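*Asks:* Sharing a structure with you now.
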Amino acid sequence: MKNAILLPFFLLLFVVAIGQQKRTLVGKVSDGKSPIENVNISIIEKDISTVTDGEGKYEVQVETGDKLKFSYTGLKTIFIKVEDVTKILNPIMVPDITELDEVIVQNSRRISQKDLEMDYVLNKNIIRTAFGYLDADRAPGNVRIIDDSEITSVNLDIISLLTTGRFPGVSILNGRIFVRGAGSITQSPPAVFDVDGQIFTDIPVWIDLGNIKRIAVLNNLATTVSYGSTGAGGVIVINTISGTPRLDNIVDRARLRNNYVSGKVLTKTDLDRNKPTYLKEVEASGNFEAATAVFEKYKNTYSSSPYFFMDMATYFTEKWNNSEYADAIIDTNSRLFKDNPVLLKALAYHYEEQGRYEKANAVLKEVFILRPNYAQSYLDIANSYRDLNQVKQAAAIYARYDYLVQEGFMEQDSIVFGPLLEREFNNLLSLNRNALVNSTKSAKLYTAQDEFESTRLVFEWNDSEAEFDLQFVNPENQYYTWQHSLMDNPETVYREKDFGYNVTEYLLGGSLPGTWGVNVKYLGNKSLTPTYLKATVYYNYGSSSQRKETKVFKLTLKDVNQELFKVQSVGGIVTE
């Protein structure tokens, strides 16, 4: 009955969110310096297209959900999904070339076995075979992998697990498993089994399903070639929990390469020199009255800028601890934030940083109503309830999202968002089991064991068009860069847009204790507006002493490496 009530409500939200009227999208295409004429702009699966003029400008009629294609001979094609707030897009196009740098091929989908080994614990799409690690996302052909979270008591044994629809085309005949499809059983040999690196020709019926960590079916020549003729009928790879080496610490990605930080990294003092005049003046005020005079001086000049009012509200809250005055600033200018999830999320970030969780929750509810088809909306509101110590409401949101995924109303991203959401949910269950069920049942509440306990960094950004590089510098001054741009990592950006999320995480292991640095190079967001980046640092993550700290950064200065904060792998934020 409960689901019967919820389902029409969410379907209604989906209709409201998706059913948008046509609007005119404008912008300018350039190479970063000069405009590009005659760039073809088309809407995929629609007979609508246009080209840029001599100044690189264009306009096109779009609807929310449309996918734009920007193409020009010799330049890399760009795809951008139109969202509810998309009104201006100024993409930068780059040459479409493959460069050779020693043994590195630009845009190669290859990744080293060392990297795959390191990512195995966190990436459920990696399987360990007798001949090395295989990433389903990079493997030729389709590789279906399921993990322990998808194996239930419904499956009585390995045979029923393989042949009850989880793996299309897998069937059993005369005590043998075939993976080539029912029509080819008489023409193909049976599959063999790779169990923790050992090859078996018979079905390993002795395997306890509760001991399976991951299982995959390899049914094409490209993925079974290493097995030779033995794998001619396909290979079923099984990784068991007992047979999986446990990584005691998260591997420091920076130490895998000879990368040492060099060049100028702008500090907070450097960045302060680029602040707008109104901020410099208000921060120089000697008292509250002088500060309000500065606000009054500039409020008419910036009457149409929500960023000005957010800056001022943040200042009065943090400098003078006057949240009442700050709230009046936002309330008076609420029209600038209304129905704009990008601006509302930035506002919620500030409330979270200030520990004003009731205010953040109210804003995130507005975002949820505007974007019920975004995966990020569920994560945000669930974590918001958790901030309010309303753990049952948080658990209900996670369960609601899972229900919508299971029923096919939402798609699940199994590469980034899915594992991250599962980590969040399991952490909630693990640390709040007594609050979720009564004491007599709490011991029976199952939670997956998180294999990571240390410092966890979670980054979220309010604008999906934001492009930036995050640089993680270890105590030995070596770094790893996570690239988030259409030029360097388009698949990641496209995936985020398709599923509706703007979040990533970085785990600091205990193998190299000391002070870590986190830097960012902001590359823009295809408009002239700032992007807000929220960093949540979890200390002693996964333990009973877990705590977190939230910092919000307004990104405006482009193409320079700037310091966000320093953090101890055990401890707190050192400096900002």
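A note on labels: chains of the structure tokens are A, B, ... as shown, every chain counts residues from 1, and ligands are counted from 1 in their shown order.
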Need to verify the contact set: stretch 203-209 of chain A, 9 Å, only C-alpha atoms, exclusion of same-chain residues closer than 3 positions in sequence. Can you return it as a PyMOL selection string?
*Replies:* chain A and resi 148+151-153+155-159+161+175-177+192-193+195+200+212-213+240
*Asks:* Selection from above, N, CA and C atoms, as an mmCIF file, in the first residue's frame, can you write it?
*Replies:*
data_model
loop_
_atom_site.group_PDB
_atom_site.id
_atom_site.type_symbol
_atom_site.label_atom_id
_atom_site.label_comp_id
_atom_site.auth_asym_id
_atom_site.auth_seq_id
_atom_site.Cartn_x
_atom_site.Cartn_y
_atom_site.Cartn_z
ATOM 1 N N ASP A 148 28.336 -9.507 -4.694
ATOM 2 C CA ASP A 148 27.645 -10.166 -3.586
ATOM 3 C C ASP A 148 26.340 -9.477 -3.210
ATOM 4 N N ILE A 151 23.410 -11.183 -5.005
ATOM 5 C CA ILE A 151 23.215 -12.615 -4.796
ATOM 6 C C ILE A 151 22.376 -12.805 -3.544
ATOM 7 N N THR A 152 21.198 -13.366 -3.698
ATOM 8 C CA THR A 152 20.273 -13.511 -2.575
ATOM 9 C C THR A 152 19.969 -14.979 -2.315
ATOM 10 N N SER A 153 19.197 -15.197 -1.285
ATOM 11 C CA SER A 153 18.821 -16.564 -0.905
ATOM 12 C C SER A 153 17.902 -17.216 -1.934
ATOM 13 N N ASN A 155 18.625 -17.656 -4.933
ATOM 14 C CA ASN A 155 19.505 -18.544 -5.699
ATOM 15 C C ASN A 155 20.024 -19.644 -4.777
ATOM 16 N N LEU A 156 19.598 -20.868 -5.033
ATOM 17 C CA LEU A 156 19.950 -21.968 -4.143
ATOM 18 C C LEU A 156 21.373 -22.455 -4.355
ATOM 19 N N ASP A 157 21.877 -22.381 -5.583
ATOM 20 C CA ASP A 157 23.221 -22.860 -5.868
ATOM 21 C C ASP A 157 23.775 -22.124 -7.079
ATOM 22 N N ILE A 158 24.999 -22.442 -7.473
ATOM 23 C CA ILE A 158 25.662 -21.744 -8.563
ATOM 24 C C ILE A 158 24.913 -21.933 -9.884
ATOM 25 N N ILE A 159 24.275 -23.086 -10.062
ATOM 26 C CA ILE A 159 23.559 -23.345 -11.314
ATOM 27 C C ILE A 159 22.349 -22.417 -11.437
ATOM 28 N N LEU A 161 21.918 -19.612 -9.941
ATOM 29 C CA LEU A 161 22.397 -18.237 -10.042
ATOM 30 C C LEU A 161 22.715 -17.880 -11.488
ATOM 31 N N GLY A 175 24.222 -31.354 -17.712
ATOM 32 C CA GLY A 175 25.192 -31.105 -16.658
ATOM 33 C C GLY A 175 26.321 -30.163 -17.040
ATOM 34 N N ARG A 176 26.182 -29.461 -18.164
ATOM 35 C CA ARG A 176 27.203 -28.510 -18.601
ATOM 36 C C ARG A 176 26.574 -27.126 -18.798
ATOM 37 N N ILE A 177 27.375 -26.101 -18.564
ATOM 38 C CA ILE A 177 26.911 -24.727 -18.737
ATOM 39 C C ILE A 177 27.391 -24.197 -20.088
ATOM 40 N N VAL A 192 34.023 -23.052 -19.288
ATOM 41 C CA VAL A 192 34.860 -23.489 -18.177
ATOM 42 C C VAL A 192 34.766 -22.440 -17.075
ATOM 43 N N PHE A 193 35.257 -22.795 -15.897
ATOM 44 C CA PHE A 193 35.153 -21.922 -14.738
ATOM 45 C C PHE A 193 36.540 -21.510 -14.250
ATOM 46 N N VAL A 195 37.962 -19.984 -11.075
ATOM 47 C CA VAL A 195 37.632 -19.683 -9.681
ATOM 48 C C VAL A 195 38.907 -19.245 -8.963
ATOM 49 N N PHE A 200 38.492 -24.817 -13.917
ATOM 50 C CA PHE A 200 37.731 -26.050 -13.721
ATOM 51 C C PHE A 200 36.842 -26.271 -14.933
ATOM 52 N N ILE A 212 30.808 -15.815 -2.507
ATOM 53 C CA ILE A 212 31.114 -15.222 -3.808
ATOM 54 C C ILE A 212 31.167 -13.703 -3.674
ATOM 55 N N LYS A 213 32.266 -13.124 -4.142
ATOM 56 C CA LYS A 213 32.419 -11.670 -4.136
ATOM 57 C C LYS A 213 31.939 -11.080 -5.454
ATOM 58 N N THR A 240 35.974 -15.312 -5.102
ATOM 59 C CA THR A 240 35.385 -15.558 -3.788
ATOM 60 C C THR A 240 35.918 -14.564 -2.769
#
*Asks:* As a count of residues only, please: every residue in stretch 39-238 of chain A that a backbone DSSP assignment puts in strand (DSSP E).
*Replies:* 66
*Asks:* With only C-alpha atoms as the basis for distance, which of A:Asp387, A:Asp31, A:Glu55, A:Glu465 is at the shortest distance from A:Gly355?
*Replies:* A:Asp387
*Asks:* Applying 10 Å and only C-alpha atoms, which residues near A:Thr550 remain after dropping the ones on its own chain fewer than 4 positions away? List them as a list in words.
*Replies:* Tyr349, His350, Glu352, Glu353, Gln354, Gly355, Leu457, Val458, Phe459, Lys534, Ala535, Thr536, Val537, Tyr538 and Ile573 of chain A
*Asks:* With distances taken over only C-alpha atoms, which of A:Asn474, A:Thr86, A:Thr164, A:Thr556 is nearest to A:Gln568?
*Replies:*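 Among A:Asn474, A:Thr86, A:Thr164, A:Thr556, it is A:Asn474 that comes nearest to A:Gln568.
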*Asks:* If we count only C-alpha atoms, what is near stretch 406-415 of chain A at a cut-off of 8 Å, once residues fewer than 3 positions away on the same chain are taken out, given as a list in words?
*Replies:*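 Those residues are Asn123, Lys124, Asn125, Asn373, Asp402, Tyr403, Gly418, Pro419, Arg495 and Phe499 of chain A.
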*Asks:* Suppose you want the space between atom CA of A:Gly243 and atom CA of A:Glu150; what is it in Å?
*Replies:* 18.9 Å
*Asks:* May I have the residues within 7 Å of stretch 365-367 of chain A as a list in words, using only C-alpha atoms and disregarding those fewer than 4 positions away in the same chain?
*Replies:*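 After dropping sequence-adjacent residues, the list is Pro341, Leu344, Asn361, Arg371, Ser377 and Ile381 of chain A.
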*Asks:* Do you know which residues are at most 12 Å from A:Phe565 counting only C-alpha atoms, after dropping those on the same chain fewer than 3 positions away, and could you put them as a ChimeraX atom specification?
*Replies:* /A:265-268,457,470-473,515-520,534-537,549-553,562,568,572-576
*Asks:* Might you pull out every residue within 12 Å of A:Lys275, with only C-alpha atoms counted and same-chain residues fewer than 3 positions away left off, and present them as a VMD selection string?
*Replies:* chain A and resid 268 to 272 278 to 283 308 311 554 to 557
*Asks:* Smallest atom-to-atom distance to A:Ser285: which of A:Tyr378, A:Trp320, A:Phe309, A:Tyr133, using only C-alpha atoms?
*Replies:*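 So, comparing all the options, the nearest one is A:Trp320.
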*Asks:* Could you please determine the separation between atom CA of A:Leu523 and atom CA of A:Asn477 in Å, to one decimal place?
*Replies:*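 Separation of atom CA of A:Leu523 and atom CA of A:Asn477: 23.2 Å.
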*Asks:* Could you check which of A:Pro490, A:Pro530, A:Gly542, A:Gly231 is closest to A:Asn427, using only C-alpha atoms?
*Replies:*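 For A:Asn427, the nearest of the candidates is A:Gly542.
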*Asks:* When you draw a straight line from atom CA of A:Tyr494 to atom CA of A:Lys526, how long is it in Å?
*Replies:*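 Answer for the atom CA of A:Tyr494 to atom CA of A:Lys526 separation: 15.2 Å.
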*Asks:* Kindly indicate which residue among A:Lys566, A:Arg433, A:Lys338, A:Arg214 lies nearest to A:Thr244, using only C-alpha atoms for the distances.
*Replies:* A:Arg214
*Asks:* In terms of the shortest atom-to-atom distance over only C-alpha atoms, which of A:Thr163, A:Thr277, A:Ser464, A:Ser304 is closest to A:Val82?
*Replies:*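 Checking each candidate against A:Val82, we get A:Ser464 as the closest.
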*Asks:* Name the residues of stretch 294-513 of chain A that fall into helix (DSSP H, G or I) according to DSSP on the backbone, using the chain letters and numbers of this document, as a ChimeraX atom specification.
*Replies:* /A:294-298,306-320,323-332,334-336,341-353,357-370,375-387,391-406,417-431,433-436,439-442,490-499
